[in-house]
$ cat model-v8.csv   # CSV, C-alpha atoms
chain,number,residue,atom,x,y,z
A,10,MET,CA,75.1,68.1,81.6
A,11,PHE,CA,77.6,69.4,84.2
A,12,SER,CA,79.6,66.3,84.2
A,13,SER,CA,80.1,66.7,80.4
A,14,VAL,CA,81.0,70.3,80.9
A,15,ALA,CA,83.6,69.3,83.5
A,16,HIS,CA,85.1,66.7,81.1
A,17,LEU,CA,85.3,69.2,78.3
A,18,ALA,CA,86.8,71.9,80.5
A,19,ARG,CA,89.6,69.7,81.7
A,20,ALA,CA,90.6,69.2,78.0
A,21,ASN,CA,90.4,72.8,76.9
A,22,PRO,CA,93.5,75.0,76.1
A,23,PHE,CA,93.1,77.2,79.2
A,24,ASN,CA,93.9,74.3,81.4
A,25,ALA,CA,97.7,74.5,81.0
A,26,PRO,CA,98.9,72.5,84.0
A,27,HIS,CA,96.5,69.6,83.2
A,28,LEU,CA,97.5,69.6,79.5
A,29,GLN,CA,101.2,69.6,80.4
A,30,LEU,CA,100.7,66.6,82.7
A,31,VAL,CA,98.6,64.7,80.2
A,32,HIS,CA,101.2,65.4,77.5
A,33,ASP,CA,104.0,64.2,79.7
A,34,VAL,CA,102.2,61.1,80.9
A,35,SER,CA,100.7,60.0,77.6
A,36,GLY,CA,103.6,60.8,75.4
A,37,PRO,CA,106.1,58.1,74.1
A,38,ARG,CA,107.9,56.4,76.8
A,39,SER,CA,111.6,57.0,77.1
A,40,PRO,CA,114.2,54.4,78.1
A,41,PRO,CA,114.6,53.8,81.8
A,42,GLY,CA,116.7,56.5,83.4
A,43,PRO,CA,116.5,59.4,85.7
A,44,PRO,CA,113.0,60.9,86.0
A,45,ARG,CA,112.3,63.9,83.8
A,46,ARG,CA,112.2,67.1,85.7
A,47,SER,CA,109.4,68.7,83.7
A,48,ARG,CA,107.1,65.8,84.6
A,49,HIS,CA,107.6,66.2,88.3
A,50,LEU,CA,107.1,70.0,88.0
A,51,ALA,CA,103.8,69.5,86.2
A,52,ALA,CA,102.6,66.9,88.7
A,53,ALA,CA,103.5,69.3,91.5
A,54,ALA,CA,101.6,72.1,89.8
A,55,VAL,CA,98.5,70.0,89.7
A,56,GLU,CA,98.9,68.7,93.3
A,57,GLU,CA,99.1,72.2,94.8
A,58,TYR,CA,95.5,73.0,93.7
A,59,SER,CA,92.5,72.1,95.8
A,60,CYS,CA,90.5,70.9,92.8
A,61,GLU,CA,90.8,70.2,89.0
A,62,PHE,CA,90.2,72.9,86.5
A,63,GLY,CA,86.7,72.5,85.2
A,64,SER,CA,85.4,70.4,88.1
A,65,MET,CA,82.1,71.2,89.8
A,66,LYS,CA,84.0,72.3,92.9
A,67,TYR,CA,86.0,74.7,90.7
A,68,TYR,CA,82.9,76.3,89.2
A,69,ALA,CA,81.2,76.4,92.6
A,70,LEU,CA,84.1,78.3,94.2
A,71,CYS,CA,84.3,80.6,91.2
A,72,GLY,CA,80.6,81.4,91.7
A,73,PHE,CA,81.3,82.0,95.4
A,74,GLY,CA,84.1,84.4,94.4
A,75,GLY,CA,81.6,86.2,92.2
A,76,VAL,CA,79.1,86.5,95.1
A,77,LEU,CA,81.7,88.2,97.3
A,78,SER,CA,83.3,90.4,94.6
A,79,CYS,CA,80.0,91.8,93.3
A,80,GLY,CA,77.8,91.7,96.4
A,81,LEU,CA,80.3,93.4,98.7
A,82,THR,CA,81.6,96.0,96.3
A,83,HIS,CA,78.2,97.2,95.0
A,84,THR,CA,76.9,97.5,98.5
A,85,ALA,CA,79.9,99.5,99.6
A,86,VAL,CA,79.2,102.2,97.0
A,87,VAL,CA,75.5,102.4,97.6
A,88,PRO,CA,75.7,106.2,98.6
A,89,LEU,CA,77.5,107.0,95.3
A,90,ASP,CA,75.1,104.9,93.3
A,91,LEU,CA,72.1,106.6,95.0
A,92,VAL,CA,73.3,110.1,94.1
A,93,LYS,CA,74.1,108.9,90.5
A,94,CYS,CA,70.6,107.5,90.1
A,95,ARG,CA,69.0,110.7,91.4
A,96,MET,CA,71.1,112.8,89.0
A,97,GLN,CA,69.8,110.7,86.1
A,98,VAL,CA,66.1,110.8,87.0
A,99,ASP,CA,66.0,114.4,88.2
A,100,PRO,CA,68.9,116.4,86.7
A,101,GLN,CA,67.2,119.7,87.4
A,102,LYS,CA,67.4,119.2,91.1
A,103,TYR,CA,70.6,117.1,91.4
A,104,LYS,CA,73.0,119.1,89.2
A,105,GLY,CA,76.3,117.4,90.1
A,106,ILE,CA,77.8,114.7,92.3
A,107,PHE,CA,78.8,117.0,95.2
A,108,ASN,CA,75.5,118.9,94.9
A,109,GLY,CA,73.7,115.6,94.9
A,110,PHE,CA,75.4,114.5,98.1
A,111,SER,CA,74.6,117.8,99.8
A,112,ILE,CA,70.9,117.7,98.9
A,113,THR,CA,70.6,114.1,100.0
A,114,LEU,CA,72.2,114.7,103.3
A,115,LYS,CA,70.1,117.7,103.9
A,116,GLU,CA,66.8,116.0,103.1
A,117,ASP,CA,67.4,112.4,104.3
A,118,GLY,CA,70.3,112.6,106.7
A,119,VAL,CA,73.3,110.2,106.8
A,120,ARG,CA,71.0,107.2,107.0
A,121,GLY,CA,69.4,108.3,103.7
A,122,LEU,CA,72.7,107.6,101.9
A,123,ALA,CA,72.3,103.9,102.7
A,124,LYS,CA,68.9,103.6,101.0
A,125,GLY,CA,68.6,100.5,98.9
A,126,TRP,CA,71.5,98.6,100.5
A,127,ALA,CA,69.5,95.4,100.9
A,128,PRO,CA,68.3,94.9,97.3
A,129,THR,CA,71.8,95.9,96.2
A,130,LEU,CA,73.5,93.2,98.3
A,131,ILE,CA,71.0,90.5,97.3
A,132,GLY,CA,70.7,91.4,93.7
A,133,TYR,CA,74.4,91.9,92.9
A,134,SER,CA,75.4,88.8,94.9
A,135,MET,CA,73.1,86.8,92.6
A,136,GLN,CA,74.4,88.6,89.6
A,137,GLY,CA,78.0,87.9,90.6
A,138,LEU,CA,77.3,84.2,91.1
A,139,CYS,CA,76.0,83.9,87.5
A,140,LYS,CA,78.5,86.4,86.0
A,141,PHE,CA,81.7,84.9,87.2
A,142,GLY,CA,80.6,81.3,87.5
A,143,PHE,CA,79.0,81.0,84.1
A,144,TYR,CA,81.8,83.0,82.5
A,145,GLU,CA,84.2,80.2,83.5
A,146,VAL,CA,81.8,77.6,82.2
A,147,PHE,CA,81.2,79.3,78.8
A,148,LYS,CA,84.9,80.1,78.3
A,149,ALA,CA,85.8,76.4,78.8
A,150,LEU,CA,82.9,75.2,76.5
A,151,TYR,CA,83.6,77.7,73.7
A,152,SER,CA,87.4,77.1,73.8
A,153,ASN,CA,86.8,73.4,73.5
A,154,ILE,CA,84.6,74.0,70.4
A,155,LEU,CA,87.2,76.2,68.8
A,156,GLY,CA,90.2,74.0,69.6
A,157,GLU,CA,93.6,75.0,70.9
A,158,GLU,CA,94.9,77.0,67.9
A,159,ASN,CA,91.7,78.9,67.2
A,160,THR,CA,91.2,79.6,70.9
A,161,TYR,CA,94.5,81.5,70.9
A,162,LEU,CA,93.9,83.3,67.6
A,163,TRP,CA,90.3,84.2,68.5
A,164,ARG,CA,90.7,84.7,72.2
A,165,THR,CA,89.3,88.2,72.4
A,166,SER,CA,86.1,87.0,70.6
A,167,LEU,CA,86.0,84.1,73.0
A,168,TYR,CA,86.1,86.4,76.0
A,169,LEU,CA,83.4,88.5,74.5
A,170,ALA,CA,81.1,85.6,73.7
A,171,ALA,CA,81.6,83.8,77.1
A,172,SER,CA,81.0,87.0,79.1
A,173,ALA,CA,77.9,88.0,77.0
A,174,SER,CA,76.5,84.5,77.5
A,175,ALA,CA,77.1,84.6,81.3
A,176,GLU,CA,75.6,88.1,81.7
A,177,PHE,CA,72.4,87.2,79.9
A,178,PHE,CA,71.6,84.9,82.8
A,179,ALA,CA,73.1,87.2,85.4
A,180,ASP,CA,70.7,90.0,84.5
A,181,ILE,CA,67.7,87.8,84.9
A,182,ALA,CA,68.8,87.1,88.5
A,183,LEU,CA,69.5,90.8,89.1
A,184,ALA,CA,66.4,92.5,87.6
A,185,PRO,CA,63.9,92.1,90.5
A,186,MET,CA,66.3,93.6,93.1
A,187,GLU,CA,67.5,96.3,90.7
A,188,ALA,CA,63.9,97.4,90.2
A,189,ALA,CA,63.3,97.6,93.9
A,190,LYS,CA,66.5,99.4,94.6
A,191,VAL,CA,65.8,102.2,92.0
A,192,ARG,CA,62.3,102.7,93.5
A,193,ILE,CA,63.6,103.0,97.0
A,194,GLN,CA,66.5,105.4,96.0
A,195,THR,CA,64.7,107.7,93.5
A,196,GLN,CA,61.1,107.9,94.8
A,197,PRO,CA,61.0,109.7,98.1
A,198,GLY,CA,58.2,108.4,100.3
A,199,TYR,CA,57.6,105.3,98.2
A,200,ALA,CA,59.4,102.8,100.5
A,201,ASN,CA,62.3,102.9,102.8
A,202,THR,CA,63.1,99.2,102.9
A,203,LEU,CA,63.0,96.1,100.6
A,204,ARG,CA,60.2,94.6,102.7
A,205,GLU,CA,58.1,97.7,102.0
A,206,ALA,CA,58.9,98.0,98.3
A,207,VAL,CA,58.4,94.5,97.1
A,208,PRO,CA,54.7,94.0,98.1
A,209,LYS,CA,53.9,97.5,97.0
A,210,MET,CA,55.4,97.0,93.6
A,211,TYR,CA,53.7,93.6,93.1
A,212,LYS,CA,50.3,95.1,94.1
A,213,GLU,CA,50.7,97.9,91.6
A,214,GLU,CA,52.1,96.1,88.5
A,215,GLY,CA,52.4,92.4,89.3
A,216,LEU,CA,55.6,90.6,88.1
A,217,ASN,CA,56.1,93.1,85.3
A,218,ALA,CA,57.3,95.6,87.9
A,219,PHE,CA,60.3,93.4,88.6
A,220,TYR,CA,61.2,92.3,85.0
A,221,LYS,CA,60.1,95.2,82.8
A,222,GLY,CA,63.7,96.5,83.1
A,223,VAL,CA,65.4,93.3,82.1
A,224,ALA,CA,65.8,94.3,78.4
A,225,PRO,CA,67.4,97.7,79.3
A,226,LEU,CA,69.5,95.8,81.8
A,227,TRP,CA,70.8,93.6,79.0
A,228,MET,CA,71.5,96.7,77.0
A,229,ARG,CA,73.5,98.1,79.9
A,230,GLN,CA,75.1,95.1,81.4
A,231,ILE,CA,76.0,92.9,78.4
A,232,PRO,CA,78.2,95.5,76.7
A,233,TYR,CA,79.6,96.4,80.2
A,234,THR,CA,80.4,92.8,81.0
A,235,MET,CA,81.9,92.1,77.6
A,236,MET,CA,84.2,95.1,78.0
A,237,LYS,CA,84.9,94.1,81.6
A,238,PHE,CA,86.1,90.6,80.9
A,239,ALA,CA,87.7,91.1,77.4
A,240,CYS,CA,89.5,94.3,78.4
A,241,PHE,CA,90.7,92.8,81.6
A,242,GLU,CA,92.0,89.6,80.0
A,243,ARG,CA,93.9,91.4,77.3
A,244,THR,CA,95.2,94.1,79.7
A,245,VAL,CA,96.6,91.4,82.0
A,246,GLU,CA,98.2,89.8,79.0
A,247,ALA,CA,99.7,93.2,77.9
A,248,LEU,CA,100.9,94.1,81.4
A,249,TYR,CA,102.9,90.8,81.8
A,250,LYS,CA,104.3,91.2,78.3
A,251,PHE,CA,105.2,94.9,78.3
A,252,VAL,CA,105.2,96.3,81.8
A,253,VAL,CA,106.0,93.6,84.5
A,254,PRO,CA,109.8,93.0,84.4
A,255,LYS,CA,109.6,89.3,85.0
A,256,PRO,CA,107.4,86.4,83.9
A,257,ARG,CA,104.2,85.7,85.8
A,258,SER,CA,105.5,82.4,87.0
A,259,GLU,CA,108.3,84.3,88.9
A,260,CYS,CA,105.9,86.8,90.4
A,261,THR,CA,104.6,86.3,94.0
A,262,LYS,CA,100.9,86.0,94.6
A,263,ALA,CA,100.9,89.5,96.0
A,264,GLU,CA,102.5,90.9,92.8
A,265,GLN,CA,100.0,89.0,90.7
A,266,LEU,CA,97.1,90.5,92.6
A,267,VAL,CA,98.5,94.0,92.0
A,268,VAL,CA,98.5,93.3,88.3
A,269,THR,CA,94.9,92.1,88.7
A,270,PHE,CA,93.9,95.3,90.4
A,271,VAL,CA,95.5,97.6,87.8
A,272,ALA,CA,94.0,95.7,84.9
A,273,GLY,CA,90.7,95.7,86.6
A,274,TYR,CA,90.7,99.5,87.0
A,275,ILE,CA,91.6,100.1,83.4
A,276,ALA,CA,88.8,97.8,82.3
A,277,GLY,CA,86.4,99.5,84.6
A,278,VAL,CA,86.9,103.0,83.0
A,279,PHE,CA,86.0,101.6,79.6
A,280,CYS,CA,83.1,99.6,81.1
A,281,ALA,CA,81.5,102.8,82.6
A,282,ILE,CA,81.6,104.7,79.3
A,283,VAL,CA,80.2,101.8,77.2
A,284,SER,CA,77.3,101.1,79.5
A,285,HIS,CA,76.3,104.6,80.8
A,286,PRO,CA,73.6,105.5,78.3
A,287,ALA,CA,71.7,102.3,79.0
A,288,ASP,CA,72.2,102.8,82.8
A,289,SER,CA,70.5,106.2,82.5
A,290,VAL,CA,67.5,104.6,80.7
A,291,VAL,CA,67.2,101.8,83.4
A,292,SER,CA,67.2,104.3,86.2
A,293,VAL,CA,64.4,106.4,84.7
A,294,LEU,CA,62.4,103.4,83.5
A,295,ASN,CA,62.3,101.8,86.9
A,296,LYS,CA,61.1,105.0,88.4
A,297,GLU,CA,58.2,105.7,86.0
A,298,LYS,CA,55.1,103.6,85.5
A,299,GLY,CA,54.0,102.7,82.0
A,300,SER,CA,57.0,104.0,80.2
A,301,THR,CA,59.0,102.0,77.6
A,302,ALA,CA,62.8,102.1,77.0
A,303,SER,CA,62.4,103.8,73.6
A,304,GLN,CA,60.2,106.5,75.1
A,305,VAL,CA,62.7,107.2,77.9
A,306,LEU,CA,65.6,107.3,75.5
A,307,GLN,CA,63.8,109.7,73.2
A,308,ARG,CA,62.9,112.0,76.1
A,309,LEU,CA,66.4,112.1,77.6
A,310,GLY,CA,68.1,112.8,74.3
A,311,PHE,CA,71.8,112.5,73.6
A,312,ARG,CA,73.0,114.8,76.4
A,313,GLY,CA,70.6,113.4,78.9
A,314,VAL,CA,71.8,109.9,78.7
A,315,TRP,CA,75.4,111.0,79.7
A,316,LYS,CA,74.3,112.8,82.9
A,317,GLY,CA,76.2,111.3,85.9
A,318,LEU,CA,79.0,109.8,83.8
A,319,PHE,CA,81.8,111.2,86.0
A,320,ALA,CA,80.3,109.7,89.1
A,321,ARG,CA,79.8,106.4,87.2
A,322,ILE,CA,83.5,106.3,86.0
A,323,ILE,CA,84.7,106.8,89.6
A,324,MET,CA,82.3,104.2,90.9
A,325,ILE,CA,82.7,101.6,88.2
A,326,GLY,CA,86.5,102.0,87.8
A,327,THR,CA,87.0,101.4,91.6
A,328,LEU,CA,84.3,98.8,91.6
A,329,THR,CA,85.7,96.7,88.8
A,330,ALA,CA,89.2,96.8,90.1
A,331,LEU,CA,88.1,95.6,93.5
A,332,GLN,CA,85.9,93.0,92.0
A,333,TRP,CA,88.7,91.4,90.1
A,334,PHE,CA,91.0,91.7,93.1
A,335,ILE,CA,88.5,90.0,95.4
A,336,TYR,CA,87.7,87.3,92.8
A,337,ASP,CA,91.4,86.5,92.2
A,338,SER,CA,92.0,86.6,95.9
A,339,VAL,CA,89.3,84.0,96.4
A,340,LYS,CA,91.0,81.8,93.8
A,341,VAL,CA,94.4,82.2,95.6
A,342,TYR,CA,92.8,81.5,99.1
A,343,PHE,CA,91.1,78.3,97.9
A,344,ARG,CA,94.1,77.3,95.8
A,345,LEU,CA,92.1,77.1,92.5
A,346,PRO,CA,93.9,76.7,89.2
A,347,ARG,CA,94.8,80.2,87.8
A,348,PRO,CA,96.2,79.5,84.3
A,349,PRO,CA,98.8,82.1,83.0
A,350,PRO,CA,98.0,84.4,80.1
A,351,PRO,CA,97.6,82.4,76.9
A,352,GLU,CA,100.7,81.7,74.7
A,353,MET,CA,100.8,80.6,71.1
A,354,PRO,CA,100.6,76.8,70.8
A,355,GLU,CA,103.6,75.0,69.5
A,356,SER,CA,101.6,73.6,66.6
A,357,LEU,CA,100.6,77.1,65.5
A,358,LYS,CA,104.2,78.3,65.7
A,359,LYS,CA,105.2,75.5,63.4
A,360,LYS,CA,102.5,76.4,60.9
A,361,LEU,CA,103.6,80.0,60.9
A,362,GLY,CA,107.2,79.0,60.6
A,363,LEU,CA,108.2,80.5,63.9
A,364,THR,CA,110.0,77.3,65.1
A,365,GLU,CA,112.1,74.8,63.3

$ encode --input "model-v8.csv" --output "structure tokens"
Amino acid sequence: MFSSVAHLARANPFNAPHLQLVHDVSGPRSPPGPPRRSRHLAAAAVEEYSCEFGSMKYYALCGFGGVLSCGLTHTAVVPLDLVKCRMQVDPQKYKGIFNGFSITLKEDGVRGLAKGWAPTLIGYSMQGLCKFGFYEVFKALYSNILGEENTYLWRTSLYLAASASAEFFADIALAPMEAAKVRIQTQPGYANTLREAVPKMYKEEGLNAFYKGVAPLWMRQIPYTMMKFACFERTVEALYKFVVPKPRSECTKAEQLVVTFVAGYIAGVFCAIVSHPADSVVSVLNKEKGSTASQVLQRLGFRGVWKGLFARIIMIGTLTALQWFIYDSVKVYFRLPRPPPPEMPESLKKKLGLTE
């Protein structure tokens, strides 16, 4: 299966350097003469990478980038996440973000702010592996199905479909640790560590304790991830087109990473808003025994599901920007192919009469 995926990925429209090289090599041969400059440039572009676009090594390193970007960033904001969760499940006690920090410090001390760090690190590392790794796989597969012209015309839909497909599997990997994290953070006295929480949860509810929140997770994370990837991809495209004063090919790696960070933050703000109601339901559902998502939603009401939004915007905006920055930095460090923003294919330009 994966060998066929790799083969398809190397032929898809996102693999610009490979396509350029194949086009130059397989095109009609010209009479003997000085070598063509474009051919050498294309070959050099391919040789500077550590692996081929769409190869197993490429997908593995993309997955590793996802582990670092999601695992490290989510663990770094555990204190903010803890306060946000408590505001959602007990809004009468935790009336705001600063009030929440104050009460938590008073009751649990500084160490209390780190509650849930272990399930957060493990769970979101697994989620990042699937989210970023499978996104690259599905994007290559779907673009190959659509073809070069339709890939360009329907690229936003492609980003949405690829990210939704990847997140479906990512949430299955995340659900058990997310359930344990919420129990540790929102139920004082239940458990202080992951080793205490897991056996206790299994004894009380069996496997259902770890996966009863997967459907609400899909409700929260799939729209979030669709916005995260589609908004990021289109924002990067817009920044290079309208804001950055020179083409991406002329930007240094550091300048490209700055664009990545800015686009990531913009995407993160929208992600937080789109996914917040479902996030509130997940937090309450994992705290309570025997409740369903519809019951929690009905009890919280419209105003209740938006509690903690400001904290989530700060957390998710920063988080998303850092995740994209780390992910792109991993690609730079390992010299992975990083295709530029998509451009209209020449064949489509001719159909639309944009070229002679």

$ residues_around --input "model-v8.csv" --residues "stretch 74-77 of chain A" --least-positions-apart "6" --cutoff "12 Å" --atoms "all atoms listed in the file" --output "PyMOL selection string"
chain A and resi 67-68+83-85+129-145+175+179+329+331-343+345

$ closest_residue --input "model-v8.csv" --among "A:Ser78, A:Ser166, A:Ser174, A:Ser300" --to "A:Ala218" --atoms "all atoms listed in the file"
A:Ser300

$ closest_atom_pairs --input "model-v8.csv" --of "stretch 299-329 of chain A" --to "stretch 267-273 of chain A" --cutoff "10 Å" --atoms "all atoms listed in the file" --output "JSON lines"
{"residue": "A:Gly326", "atom": "CA", "partner": "A:Gly273", "partner_atom": "CA", "distance": 7.7}
{"residue": "A:Thr327", "atom": "CA", "partner": "A:Gly273", "partner_atom": "CA", "distance": 8.4}
{"residue": "A:Leu328", "atom": "CA", "partner": "A:Gly273", "partner_atom": "CA", "distance": 8.7}
{"residue": "A:Thr329", "atom": "CA", "partner": "A:Gly273", "partner_atom": "CA", "distance": 5.6}

$ closest_atom_pairs --input "model-v8.csv" --of "stretch 251-292 of chain A" --to "stretch 230-241 of chain A" --cutoff "7 Å" --atoms "only C-alpha atoms" --output "tab-separated table"
residue	atom	partner	partner_atom	distance
A:Ala272	CA	A:Phe241	CA	5.5
A:Gly273	CA	A:Phe241	CA	5.8
A:Ala276	CA	A:Cys240	CA	5.3
A:Gly277	CA	A:Lys237	CA	6.4
A:Phe279	CA	A:Met236	CA	6.9
A:Cys280	CA	A:Tyr233	CA	4.8
A:Val283	CA	A:Tyr233	CA	6.2
A:Ser284	CA	A:Tyr233	CA	5.3

$ write_last_selection --input "model-v8.csv" --atoms "C-alpha atoms" --output "mmCIF file, in the frame of the given file"
data_model
loop_
_atom_site.group_PDB
_atom_site.id
_atom_site.type_symbol
_atom_site.label_atom_id
_atom_site.label_comp_id
_atom_site.auth_asym_id
_atom_site.auth_seq_id
_atom_site.Cartn_x
_atom_site.Cartn_y
_atom_site.Cartn_z
ATOM 1 C CA ALA A 272 94.000 95.700 84.900
ATOM 2 C CA GLY A 273 90.700 95.700 86.600
ATOM 3 C CA ALA A 276 88.800 97.800 82.300
ATOM 4 C CA GLY A 277 86.400 99.500 84.600
ATOM 5 C CA PHE A 279 86.000 101.600 79.600
ATOM 6 C CA CYS A 280 83.100 99.600 81.100
ATOM 7 C CA VAL A 283 80.200 101.800 77.200
ATOM 8 C CA SER A 284 77.300 101.100 79.500
#

$ closest_atom_pairs --input "model-v8.csv" --of "stretch 180-236 of chain A" --to "stretch 86-92 of chain A" --cutoff "12 Å" --atoms "all atoms listed in the file" --output "Markdown table"
| residue | atom | partner | partner_atom | distance |
| --- | --- | --- | --- | --- |
| A:Glu187 | CA | A:Asp90 | CA | 11.8 |
| A:Lys190 | CA | A:Leu91 | CA | 9.1 |
| A:Val191 | CA | A:Leu91 | CA | 8.2 |
| A:Arg192 | CA | A:Leu91 | CA | 10.7 |
| A:Ile193 | CA | A:Leu91 | CA | 9.4 |
| A:Gln194 | CA | A:Leu91 | CA | 5.8 |
| A:Thr195 | CA | A:Leu91 | CA | 7.6 |
| A:Gln196 | CA | A:Leu91 | CA | 11.1 |
| A:Pro197 | CA | A:Leu91 | CA | 11.9 |

$ residues_around --input "model-v8.csv" --residues "A:Ala302" --least-positions-apart "6" --cutoff "9 Å" --atoms "only C-alpha atoms" --output "number ranges by chain"
A: 222, 224-225, 290-291, 293-294

$ atom_distance --input "model-v8.csv" --atom1 "atom CA of A:Ala281" --atom2 "atom CA of A:Arg321"
6.1 Å

$ closest_residue --input "model-v8.csv" --among "A:Asn108, A:Ser59, A:Thr82, A:Ser258" --to "A:Ala330" --atoms "only C-alpha atoms"
A:Thr82

$ closest_residue --input "model-v8.csv" --among "A:Leu167, A:Ala189, A:Ile106, A:Ala263" --to "A:Lys221" --atoms "all atoms listed in the file"
A:Ala189

$ closest_residue --input "model-v8.csv" --among "A:Leu266, A:Leu216, A:Val98, A:Ile323" --to "A:Ala184" --atoms "only C-alpha atoms"
A:Leu216
